[in-house]
>>> print(open('input-v1.txt').read())   # compact mmCIF, C-alpha atoms and all ligand atoms
# COMPACT_ATOMS: atom_id res chain seq x y z
CA ASP A 1 13.51 -0.53 -9.07
CA THR A 2 13.13 -3.58 -6.84
CA SER A 3 10.33 -5.20 -8.82
CA HIS A 4 10.69 -8.84 -9.85
CA GLY A 5 7.07 -9.51 -10.78
CA PRO A 6 4.27 -10.49 -8.43
CA ILE A 7 4.77 -12.75 -5.43
CA LEU A 8 1.13 -12.58 -4.37
CA TYR A 9 -1.90 -12.73 -6.64
CA VAL A 10 -5.34 -12.02 -5.18
CA GLU A 11 -7.86 -12.50 -7.97
CA ASP A 12 -11.59 -11.76 -7.93
CA VAL A 13 -11.86 -12.58 -4.25
CA SER A 14 -15.21 -12.15 -2.55
CA VAL A 15 -16.18 -12.79 1.06
CA SER A 16 -19.67 -12.40 2.51
CA PHE A 17 -20.78 -12.27 6.12
CA ASP A 18 -24.51 -12.88 6.37
CA GLY A 19 -25.02 -11.60 2.85
CA PHE A 20 -22.84 -8.51 3.40
CA LYS A 21 -19.89 -8.40 1.00
CA ALA A 22 -16.81 -7.55 3.05
CA LEU A 23 -14.70 -8.24 -0.07
CA ASN A 24 -16.25 -7.77 -3.48
CA ASN A 25 -14.14 -9.00 -6.39
CA LEU A 26 -10.90 -7.83 -4.87
CA ASN A 27 -7.90 -7.89 -7.20
CA LEU A 28 -4.49 -7.22 -5.72
CA TYR A 29 -1.02 -7.99 -7.04
CA ILE A 30 1.98 -7.55 -4.78
CA ASP A 31 5.42 -7.53 -6.38
CA ASP A 32 8.32 -9.45 -4.95
CA GLY A 33 10.21 -7.07 -2.67
CA GLU A 34 7.81 -4.17 -2.83
CA LEU A 35 6.46 -2.09 0.02
CA ARG A 36 2.73 -1.54 -0.44
CA CYS A 37 0.45 0.52 1.72
CA ILE A 38 -3.23 -0.31 1.91
CA ILE A 39 -5.57 2.43 3.05
CA GLY A 40 -9.32 2.89 3.08
CA PRO A 41 -12.11 4.04 5.36
CA ASN A 42 -13.41 1.91 8.22
CA GLY A 43 -15.24 -1.15 6.95
CA ALA A 44 -13.46 -1.03 3.57
CA GLY A 45 -12.31 -4.64 3.96
CA LYS A 46 -8.67 -4.17 4.97
CA THR A 47 -8.77 -6.65 7.85
CA THR A 48 -10.73 -9.17 5.80
CA MET A 49 -8.12 -8.81 3.04
CA MET A 50 -5.37 -9.74 5.50
CA ASP A 51 -7.52 -12.59 6.81
CA VAL A 52 -7.93 -14.15 3.36
CA ILE A 53 -4.24 -13.80 2.46
CA THR A 54 -3.18 -15.48 5.70
CA GLY A 55 -5.80 -18.21 5.49
CA LYS A 56 -7.78 -17.13 8.53
CA THR A 57 -10.84 -16.62 6.33
CA LYS A 58 -11.49 -18.61 3.18
CA PRO A 59 -13.12 -16.61 0.38
CA ASP A 60 -16.44 -17.60 -1.17
CA THR A 61 -15.03 -17.12 -4.66
CA GLY A 62 -11.77 -16.12 -6.30
CA SER A 63 -8.21 -17.35 -6.02
CA ILE A 64 -5.04 -16.44 -4.14
CA TRP A 65 -1.63 -17.55 -5.39
CA PHE A 66 1.71 -17.30 -3.63
CA GLY A 67 4.26 -17.16 -6.39
CA GLN A 68 2.99 -18.88 -9.48
CA ARG A 69 2.64 -22.35 -8.05
CA ILE A 70 1.21 -22.26 -4.54
CA ASP A 71 -2.56 -22.14 -4.26
CA LEU A 72 -3.13 -20.52 -0.87
CA LEU A 73 -6.78 -21.54 -0.80
CA LYS A 74 -5.61 -25.13 -0.41
CA ARG A 75 -3.47 -24.30 2.63
CA ALA A 76 -4.37 -23.98 6.29
CA GLU A 77 -3.54 -20.83 8.24
CA HIS A 78 -0.55 -22.42 10.04
CA GLU A 79 0.88 -23.73 6.76
CA ILE A 80 0.67 -20.28 5.22
CA ALA A 81 2.40 -18.76 8.26
CA ARG A 82 5.16 -21.36 8.05
CA GLY A 83 5.34 -21.14 4.29
CA GLY A 84 6.57 -17.57 4.28
CA ILE A 85 3.69 -15.18 4.91
CA GLY A 86 4.08 -13.50 8.29
CA ARG A 87 1.47 -11.30 9.93
CA LYS A 88 1.93 -8.73 12.62
CA PHE A 89 -1.21 -7.93 14.51
CA GLN A 90 -1.70 -4.61 16.25
CA LYS A 91 -1.58 -6.11 19.71
CA PRO A 92 1.87 -7.52 20.50
CA THR A 93 2.10 -11.22 21.28
CA ILE A 94 5.56 -11.10 22.84
CA PHE A 95 6.35 -12.95 26.06
CA GLU A 96 6.80 -10.15 28.56
CA ALA A 97 8.68 -12.18 31.16
CA LEU A 98 11.31 -13.33 28.69
CA SER A 99 14.22 -11.29 27.39
CA VAL A 100 14.30 -9.74 23.93
CA PHE A 101 16.77 -12.41 22.81
CA GLU A 102 14.66 -15.25 24.24
CA ASN A 103 11.61 -13.97 22.41
CA LEU A 104 13.56 -14.04 19.14
CA GLU A 105 14.94 -17.46 20.02
CA LEU A 106 11.46 -18.81 20.62
CA ALA A 107 10.22 -17.34 17.34
CA THR A 108 13.16 -18.96 15.51
CA ALA A 109 12.35 -22.36 16.94
CA SER A 110 8.60 -22.13 16.35
CA ASN A 111 9.49 -22.49 12.72
CA LYS A 112 10.48 -26.07 13.54
CA LYS A 113 8.82 -28.41 15.97
CA VAL A 114 10.02 -27.53 19.42
CA TRP A 115 8.26 -26.08 22.40
CA TYR A 116 10.98 -27.00 24.93
CA THR A 117 13.25 -24.59 23.25
CA LEU A 118 14.92 -22.17 25.63
CA ASN A 119 17.96 -24.36 26.09
CA HIS A 120 20.13 -22.15 23.92
CA ASP A 121 20.94 -24.81 21.35
CA LEU A 122 20.62 -22.51 18.38
CA SER A 123 22.78 -23.21 15.37
CA GLY A 124 25.42 -20.64 14.47
CA GLU A 125 23.30 -19.64 11.51
CA GLN A 126 20.23 -19.04 13.68
CA ARG A 127 22.28 -17.03 16.14
CA ASP A 128 23.68 -14.89 13.31
CA ARG A 129 20.20 -14.30 11.99
CA ILE A 130 18.97 -13.20 15.42
CA ASP A 131 21.93 -10.81 15.71
CA GLU A 132 21.12 -9.42 12.28
CA VAL A 133 17.45 -8.97 13.19
CA LEU A 134 18.40 -7.29 16.49
CA GLN A 135 20.37 -4.77 14.43
CA GLN A 136 17.50 -4.26 11.99
CA ILE A 137 14.93 -3.62 14.71
CA GLY A 138 17.35 -1.46 16.71
CA LEU A 139 17.32 -3.60 19.86
CA THR A 140 20.89 -4.90 19.89
CA GLU A 141 21.68 -3.06 23.09
CA HIS A 142 18.48 -4.32 24.70
CA TYR A 143 18.85 -8.01 23.91
CA GLN A 144 19.03 -9.05 27.56
CA GLN A 145 16.25 -6.76 28.70
CA GLU A 146 12.94 -8.19 29.80
CA ALA A 147 10.49 -7.67 26.94
CA GLY A 148 7.80 -6.42 29.31
CA ALA A 149 10.03 -3.47 30.22
CA LEU A 150 10.38 -2.24 26.62
CA SER A 151 8.63 0.90 25.38
CA HIS A 152 5.51 0.55 23.26
CA GLY A 153 7.50 1.16 20.08
CA GLN A 154 10.24 -1.29 21.01
CA LYS A 155 7.63 -3.98 21.65
CA GLN A 156 6.24 -3.43 18.18
CA TRP A 157 9.72 -3.76 16.64
CA LEU A 158 10.39 -6.91 18.64
CA GLU A 159 7.16 -8.33 17.29
CA ILE A 160 8.34 -7.55 13.74
CA GLY A 161 11.69 -9.13 14.64
CA MET A 162 9.94 -12.32 15.71
CA LEU A 163 8.52 -12.58 12.21
CA LEU A 164 11.82 -11.64 10.54
CA VAL A 165 13.80 -14.46 12.15
CA GLN A 166 11.55 -16.80 10.21
CA ASN A 167 12.62 -15.15 6.94
CA PRO A 168 9.17 -14.46 5.53
CA ARG A 169 8.78 -13.64 1.84
CA VAL A 170 5.73 -11.53 2.60
CA LEU A 171 5.08 -9.54 5.74
CA LEU A 172 1.64 -8.13 6.57
CA VAL A 173 1.74 -5.34 9.10
CA ASP A 174 -1.41 -3.95 10.70
CA GLU A 175 -1.28 -0.31 11.83
CA PRO A 176 2.38 -0.35 12.87
CA VAL A 177 2.59 3.21 14.18
CA ALA A 178 -0.62 3.43 16.22
CA GLY A 179 0.22 4.95 19.61
CA MET A 180 3.87 5.64 18.78
CA THR A 181 5.88 8.78 19.54
CA GLY A 182 7.21 10.84 16.63
CA GLU A 183 10.66 9.38 17.04
CA GLU A 184 9.28 5.83 17.11
CA VAL A 185 7.27 6.52 13.96
CA GLU A 186 10.44 7.65 12.21
CA HIS A 187 12.32 4.54 13.27
CA THR A 188 9.42 2.35 12.11
CA ALA A 189 9.47 4.06 8.71
CA GLN A 190 13.19 3.31 8.40
CA LEU A 191 12.69 -0.27 9.52
CA LEU A 192 9.87 -1.06 7.10
CA THR A 193 11.54 0.60 4.13
CA SER A 194 14.76 -1.28 4.88
CA LEU A 195 12.87 -4.58 4.74
CA ALA A 196 11.57 -4.00 1.22
CA GLY A 197 13.68 -5.65 -1.45
CA ARG A 198 14.40 -8.65 0.71
CA HIS A 199 10.76 -9.09 1.75
CA SER A 200 7.47 -7.90 0.31
CA VAL A 201 5.84 -5.72 2.93
CA ILE A 202 2.12 -4.93 3.03
CA VAL A 203 1.24 -2.20 5.49
CA VAL A 204 -2.32 -1.36 6.50
CA GLU A 205 -2.25 2.07 8.10
CA HIS A 206 -4.53 5.01 8.88
CA ASP A 207 -1.78 7.55 9.47
CA MET A 208 -1.56 9.29 6.09
CA ALA A 209 1.63 11.21 6.87
CA PHE A 210 3.28 7.90 7.68
CA VAL A 211 1.95 6.27 4.51
CA ARG A 212 3.29 9.17 2.49
CA SER A 213 6.69 8.84 4.13
CA ILE A 214 7.15 5.16 3.24
CA ALA A 215 5.00 4.18 0.28
CA ARG A 216 5.82 4.16 -3.38
CA LYS A 217 2.53 2.56 -4.22
CA VAL A 218 -0.75 2.87 -2.35
CA THR A 219 -3.91 0.85 -2.77
CA VAL A 220 -7.20 2.38 -1.64
CA LEU A 221 -9.87 -0.13 -0.66
CA HIS A 222 -13.53 0.81 -0.55
CA GLN A 223 -16.51 -1.47 -0.12
CA GLY A 224 -14.39 -4.55 -0.51
CA SER A 225 -12.62 -3.73 -3.74
CA VAL A 226 -9.83 -1.53 -5.08
CA LEU A 227 -11.01 2.03 -5.59
CA ALA A 228 -7.67 3.48 -6.67
CA GLU A 229 -4.02 2.50 -6.90
CA GLY A 230 -0.87 4.51 -7.53
CA SER A 231 1.48 6.93 -5.85
CA MET A 232 0.24 8.80 -2.78
CA ASP A 233 -0.14 11.96 -4.91
CA GLN A 234 -2.14 10.09 -7.53
CA VAL A 235 -4.57 8.52 -5.10
CA GLN A 236 -4.96 11.63 -2.95
CA ASN A 237 -5.92 13.67 -5.99
CA ASP A 238 -8.32 11.04 -7.29
CA PRO A 239 -11.86 12.51 -7.06
CA ARG A 240 -13.34 9.12 -6.10
CA VAL A 241 -10.90 8.82 -3.20
CA ILE A 242 -11.60 12.36 -2.03
CA GLU A 243 -15.32 11.67 -2.09
CA VAL A 244 -14.97 8.48 -0.05
CA TYR A 245 -12.81 10.14 2.60
CA LEU A 246 -14.93 13.28 2.84
CA GLY A 247 -17.99 11.10 3.27
CA GLU A 248 -16.50 9.27 6.24
P1 LIG B 301 -11.58 -2.60 7.73
O1 LIG B 301 -10.48 -3.44 8.31
O2 LIG B 301 -11.20 -1.93 6.44
O3 LIG B 301 -12.17 -1.62 8.70
P2 LIG B 301 -13.08 -5.10 7.77
O4 LIG B 301 -12.42 -6.03 6.84
O5 LIG B 301 -12.84 -5.25 9.22
O6 LIG B 301 -12.78 -3.58 7.31
O7 LIG B 301 -14.64 -5.18 7.58
C1 LIG B 301 -15.32 -5.05 6.35
C2 LIG B 301 -16.81 -5.19 6.62
O8 LIG B 301 -17.12 -6.55 6.92
C3 LIG B 301 -17.27 -4.37 7.81
O9 LIG B 301 -18.52 -3.77 7.48
C4 LIG B 301 -17.42 -5.37 8.91
O10 LIG B 301 -18.46 -5.01 9.80
C5 LIG B 301 -17.76 -6.66 8.17
N1 LIG B 301 -17.22 -7.84 8.86
C6 LIG B 301 -15.92 -8.13 9.01
N2 LIG B 301 -15.76 -9.29 9.66
C7 LIG B 301 -17.01 -9.76 9.93
C8 LIG B 301 -17.52 -10.93 10.56
N3 LIG B 301 -16.71 -11.87 11.06
N4 LIG B 301 -18.86 -11.06 10.66
C9 LIG B 301 -19.68 -10.12 10.15
N5 LIG B 301 -19.26 -9.01 9.53
C10 LIG B 301 -17.92 -8.83 9.41
>>> encode(input="input-v1.txt", output="structure tokens", more="lines below")
Ligand code: ADP
Amino acid sequence: DTSHGPILYVEDVSVSFDGFKALNNLNLYIDDGELRCIIGPNGAGKTTMMDVITGKTKPDTGSIWFGQRIDLLKRAEHEIARGGIGRKFQKPTIFEALSVFENLELATASNKKVWYTLNHDLSGEQRDRIDEVLQQIGLTEHYQQEAGALSHGQKQWLEIGMLLVQNPRVLLVDEPVAGMTGEEVEHTAQLLTSLAGRHSVIVVEHDMAFVRSIARKVTVLHQGSVLAEGSMDQVQNDPRVIEVYLGE
């Protein structure tokens, strides 16, 4: 068991858009080092949940704590990103004209202050970390390749790598396997499960077979709050969950 108690506390969080409650008293506790999958029908509030955790949207009510001391509602989006909560969007934001290594180098430096960074003045420690991340994401042999020439799956892994070089405590990953080949899906499952323990990983994903293959614990969102939580077998056999998915 990799559990060391919660790293992220989302408590009674509500968000309204023009009177419509996208999140409605959401309560979510993510353990340090766990891999959690979040599922739910369209409009359930999954994106809004990621937006409030990362500071992109501030809730109307409720609280969000990072560890026991850091009140995320008092932090701006860029501070939260720098403070250890990384987010991978569906659409890659890699620099296609740069090499795989240069993309990782740039992501390493963006942790600090520099924008004039591609002068290869990384510390030994940073270089080691990039090498380690290249191994993790399976792109060691491609480090000199132009990022634009990578496959769809490789681009997604590079994007995850660009977050990993910043050593996030929590990693939010939005639909990681959309559009991937079977082999790429398998590699992504290995990658994400290997990150748990060292990072907390929150995966929002529609592909149920994939969720089943990686998740120990699944949270089902519906109408902005938690409908069910447990193992994949538990939630899939929950009559409320079945009703929600059949009604989609
Ligand atoms: P999911 O990611 O689970 O599909 P979302 O969090 O995107 O759900 O959306 C939850 C609900 O909130 C949806 O009904 C959506 O239309 C609404 N919503 C989300 N963002 C906005 C916004 N910026 N303005 C108005 N409505 C929004």
>>> atom_distance(input="input-v1.txt", atom1="atom CA of A:Tyr29", atom2="atom CA of A:Val10")
6.2 Å
>>> closest_atom_pairs(input="input-v1.txt", of="chain A", to="ligand LIG 301 (chain B)", cutoff="9 Å", atoms="all atoms listed in the file", output="CSV")
residue,atom,partner,partner_atom,distance
A:Val15,CA,B:LIG301,O8,8.6
A:Ser16,CA,B:LIG301,O8,7.8
A:Phe17,CA,B:LIG301,C9,4.7
A:Asp18,CA,B:LIG301,C9,6.7
A:Phe20,CA,B:LIG301,O8,7.0
A:Lys21,CA,B:LIG301,O8,6.8
A:Ala22,CA,B:LIG301,O8,4.0
A:Leu23,CA,B:LIG301,C1,7.2
A:Ile39,CA,B:LIG301,O2,7.9
A:Gly40,CA,B:LIG301,O2,6.2
A:Pro41,CA,B:LIG301,O2,6.1
A:Asn42,CA,B:LIG301,O3,3.8
A:Gly43,CA,B:LIG301,O6,3.5
A:Ala44,CA,B:LIG301,O2,3.8
A:Gly45,CA,B:LIG301,O4,3.2
A:Lys46,CA,B:LIG301,O2,3.7
A:Thr47,CA,B:LIG301,O1,3.7
A:Thr48,CA,B:LIG301,O4,3.7
A:Met49,CA,B:LIG301,O4,6.4
A:Met50,CA,B:LIG301,O4,8.1
A:Asp51,CA,B:LIG301,O4,8.2
A:Thr57,CA,B:LIG301,N3,8.9
A:Val204,CA,B:LIG301,O1,8.6
A:Leu221,CA,B:LIG301,O2,7.4
A:His222,CA,B:LIG301,O2,7.9
A:Gln223,CA,B:LIG301,C1,7.5
A:Gly224,CA,B:LIG301,C1,6.9
>>> write_last_selection(input="input-v1.txt", atoms="C-alpha atoms", output="PDB file, keeping the file's coordinate frame")
ATOM      1  CA  VAL A  15     -16.180 -12.790   1.060  1.00  0.00           C
ATOM      2  CA  SER A  16     -19.670 -12.400   2.510  1.00  0.00           C
ATOM      3  CA  PHE A  17     -20.780 -12.270   6.120  1.00  0.00           C
ATOM      4  CA  ASP A  18     -24.510 -12.880   6.370  1.00  0.00           C
ATOM      5  CA  PHE A  20     -22.840  -8.510   3.400  1.00  0.00           C
ATOM      6  CA  LYS A  21     -19.890  -8.400   1.000  1.00  0.00           C
ATOM      7  CA  ALA A  22     -16.810  -7.550   3.050  1.00  0.00           C
ATOM      8  CA  LEU A  23     -14.700  -8.240  -0.070  1.00  0.00           C
ATOM      9  CA  ILE A  39      -5.570   2.430   3.050  1.00  0.00           C
ATOM     10  CA  GLY A  40      -9.320   2.890   3.080  1.00  0.00           C
ATOM     11  CA  PRO A  41     -12.110   4.040   5.360  1.00  0.00           C
ATOM     12  CA  ASN A  42     -13.410   1.910   8.220  1.00  0.00           C
ATOM     13  CA  GLY A  43     -15.240  -1.150   6.950  1.00  0.00           C
ATOM     14  CA  ALA A  44     -13.460  -1.030   3.570  1.00  0.00           C
ATOM     15  CA  GLY A  45     -12.310  -4.640   3.960  1.00  0.00           C
ATOM     16  CA  LYS A  46      -8.670  -4.170   4.970  1.00  0.00           C
ATOM     17  CA  THR A  47      -8.770  -6.650   7.850  1.00  0.00           C
ATOM     18  CA  THR A  48     -10.730  -9.170   5.800  1.00  0.00           C
ATOM     19  CA  MET A  49      -8.120  -8.810   3.040  1.00  0.00           C
ATOM     20  CA  MET A  50      -5.370  -9.740   5.500  1.00  0.00           C
ATOM     21  CA  ASP A  51      -7.520 -12.590   6.810  1.00  0.00           C
ATOM     22  CA  THR A  57     -10.840 -16.620   6.330  1.00  0.00           C
ATOM     23  CA  VAL A 204      -2.320  -1.360   6.500  1.00  0.00           C
ATOM     24  CA  LEU A 221      -9.870  -0.130  -0.660  1.00  0.00           C
ATOM     25  CA  HIS A 222     -13.530   0.810  -0.550  1.00  0.00           C
ATOM     26  CA  GLN A 223     -16.510  -1.470  -0.120  1.00  0.00           C
ATOM     27  CA  GLY A 224     -14.390  -4.550  -0.510  1.00  0.00           C
TER      28      GLY A 224
END
>>> closest_residue(input="input-v1.txt", among="A:Ile30, A:Leu164, A:Cys37, A:Arg69", to="A:Ala215", atoms="all atoms listed in the file")
A:Cys37
>>> residues_around(input="input-v1.txt", residues="stretch 137-149 of chain A", least_positions_apart="3", cutoff="9 Å", atoms="only C-alpha atoms", output="PyMOL selection string")
chain A and resi 94-103+131-134+154-155+157-158+160-161+187-188+191
>>> residues_around(input="input-v1.txt", residues="A:Lys88", least_positions_apart="6", cutoff="8 Å", atoms="all atoms listed in the file", output="count of residues only")
7
>>> atom_distance(input="input-v1.txt", atom1="atom CA of A:Pro239", atom2="atom CA of A:Arg212")
18.2 Å
>>> residues_around(input="input-v1.txt", residues="A:Glu77", least_positions_apart="6", cutoff="6 Å", atoms="only C-alpha atoms", output="VMD selection string")
chain A and resid 54 to 56
>>> closest_residue(input="input-v1.txt", among="A:His206, A:Arg82, A:Arg169, A:Lys217", to="A:Met232", atoms="all atoms listed in the file")
A:Lys217
>>> closest_residue(input="input-v1.txt", among="A:Leu72, A:Val220, A:Leu35, A:Ile85", to="A:Tyr245", atoms="all atoms listed in the file")
A:Val220
>>> atom_distance(input="input-v1.txt", atom1="atom CA of A:Ile202", atom2="atom CA of A:Asp60")
22.9 Å
>>> closest_residue(input="input-v1.txt", among="A:Gly62, A:Asn24, A:Asn167, A:Glu175", to="A:Met208", atoms="all atoms listed in the file")
A:Glu175
>>> closest_residue(input="input-v1.txt", among="A:Ser63, A:Ile53, A:Gly33, A:Leu26", to="A:Glu79", atoms="all atoms listed in the file")
A:Ile53
>>> closest_residue(input="input-v1.txt", among="A:Ile242, A:Val211, A:Val235, A:Ile80", to="A:Arg36", atoms="all atoms listed in the file")
A:Val211
>>> residues_around(input="input-v1.txt", residues="A:Leu122", least_positions_apart="5", cutoff="12 Å", atoms="all atoms listed in the file", output="list in words")
Phe101, Glu102, Leu104, Glu105, Leu106, Ala107, Thr108, Ala109, Lys112, Val114, Thr117, Arg127, Asp128, Arg129 and Ile130 of chain A
>>> decode(input="input-v1.txt", residues="stretch 156-175 of chain A", atoms="N, CA and C atoms", output="PDB file, in the first residue's frame")
ATOM      1  N   GLN A 156       2.432  12.725 -26.538  1.00  0.00           N
ATOM      2  CA  GLN A 156       1.729  12.756 -25.251  1.00  0.00           C
ATOM      3  C   GLN A 156       2.694  12.433 -24.108  1.00  0.00           C
ATOM      4  N   TRP A 157       3.584  11.460 -24.335  1.00  0.00           N
ATOM      5  CA  TRP A 157       4.540  11.086 -23.288  1.00  0.00           C
ATOM      6  C   TRP A 157       5.549  12.213 -23.056  1.00  0.00           C
ATOM      7  N   LEU A 158       5.956  12.862 -24.137  1.00  0.00           N
ATOM      8  CA  LEU A 158       6.875  13.996 -23.981  1.00  0.00           C
ATOM      9  C   LEU A 158       6.217  15.080 -23.124  1.00  0.00           C
ATOM     10  N   GLU A 159       4.942  15.304 -23.393  1.00  0.00           N
ATOM     11  CA  GLU A 159       4.202  16.306 -22.625  1.00  0.00           C
ATOM     12  C   GLU A 159       4.177  15.935 -21.132  1.00  0.00           C
ATOM     13  N   ILE A 160       3.993  14.659 -20.848  1.00  0.00           N
ATOM     14  CA  ILE A 160       4.032  14.199 -19.451  1.00  0.00           C
ATOM     15  C   ILE A 160       5.452  14.393 -18.904  1.00  0.00           C
ATOM     16  N   GLY A 161       6.446  14.096 -19.732  1.00  0.00           N
ATOM     17  CA  GLY A 161       7.843  14.281 -19.332  1.00  0.00           C
ATOM     18  C   GLY A 161       8.152  15.722 -18.970  1.00  0.00           C
ATOM     19  N   MET A 162       7.551  16.653 -19.712  1.00  0.00           N
ATOM     20  CA  MET A 162       7.800  18.072 -19.446  1.00  0.00           C
ATOM     21  C   MET A 162       7.237  18.492 -18.094  1.00  0.00           C
ATOM     22  N   LEU A 163       6.230  17.775 -17.636  1.00  0.00           N
ATOM     23  CA  LEU A 163       5.734  18.025 -16.273  1.00  0.00           C
ATOM     24  C   LEU A 163       6.635  17.323 -15.252  1.00  0.00           C
ATOM     25  N   LEU A 164       7.073  16.109 -15.597  1.00  0.00           N
ATOM     26  CA  LEU A 164       7.858  15.316 -14.641  1.00  0.00           C
ATOM     27  C   LEU A 164       9.194  15.957 -14.286  1.00  0.00           C
ATOM     28  N   VAL A 165       9.826  16.637 -15.241  1.00  0.00           N
ATOM     29  CA  VAL A 165      11.119  17.257 -14.923  1.00  0.00           C
ATOM     30  C   VAL A 165      10.971  18.326 -13.835  1.00  0.00           C
ATOM     31  N   GLN A 166       9.749  18.784 -13.639  1.00  0.00           N
ATOM     32  CA  GLN A 166       9.524  19.771 -12.583  1.00  0.00           C
ATOM     33  C   GLN A 166       9.168  19.129 -11.243  1.00  0.00           C
ATOM     34  N   ASN A 167       9.240  17.795 -11.201  1.00  0.00           N
ATOM     35  CA  ASN A 167       8.992  17.031  -9.977  1.00  0.00           C
ATOM     36  C   ASN A 167       7.694  17.384  -9.265  1.00  0.00           C
ATOM     37  N   PRO A 168       6.571  17.296  -9.965  1.00  0.00           N
ATOM     38  CA  PRO A 168       5.302  17.633  -9.324  1.00  0.00           C
ATOM     39  C   PRO A 168       4.921  16.614  -8.252  1.00  0.00           C
ATOM     40  N   ARG A 169       4.234  17.081  -7.218  1.00  0.00           N
ATOM     41  CA  ARG A 169       3.689  16.154  -6.222  1.00  0.00           C
ATOM     42  C   ARG A 169       2.411  15.532  -6.759  1.00  0.00           C
ATOM     43  N   VAL A 170       1.643  16.355  -7.475  1.00  0.00           N
ATOM     44  CA  VAL A 170       0.369  15.903  -8.025  1.00  0.00           C
ATOM     45  C   VAL A 170       0.368  16.171  -9.522  1.00  0.00           C
ATOM     46  N   LEU A 171      -0.108  15.175 -10.269  1.00  0.00           N
ATOM     47  CA  LEU A 171      -0.158  15.298 -11.714  1.00  0.00           C
ATOM     48  C   LEU A 171      -1.593  15.043 -12.173  1.00  0.00           C
ATOM     49  N   LEU A 172      -2.194  16.025 -12.843  1.00  0.00           N
ATOM     50  CA  LEU A 172      -3.537  15.843 -13.389  1.00  0.00           C
ATOM     51  C   LEU A 172      -3.405  15.574 -14.879  1.00  0.00           C
ATOM     52  N   VAL A 173      -4.038  14.497 -15.320  1.00  0.00           N
ATOM     53  CA  VAL A 173      -3.869  14.068 -16.699  1.00  0.00           C
ATOM     54  C   VAL A 173      -5.239  13.907 -17.353  1.00  0.00           C
ATOM     55  N   ASP A 174      -5.470  14.693 -18.404  1.00  0.00           N
ATOM     56  CA  ASP A 174      -6.777  14.699 -19.047  1.00  0.00           C
ATOM     57  C   ASP A 174      -6.792  13.792 -20.277  1.00  0.00           C
ATOM     58  N   GLU A 175      -7.587  12.756 -20.236  1.00  0.00           N
ATOM     59  CA  GLU A 175      -7.771  11.814 -21.339  1.00  0.00           C
ATOM     60  C   GLU A 175      -6.471  11.422 -22.037  1.00  0.00           C
TER      61      GLU A 175
END
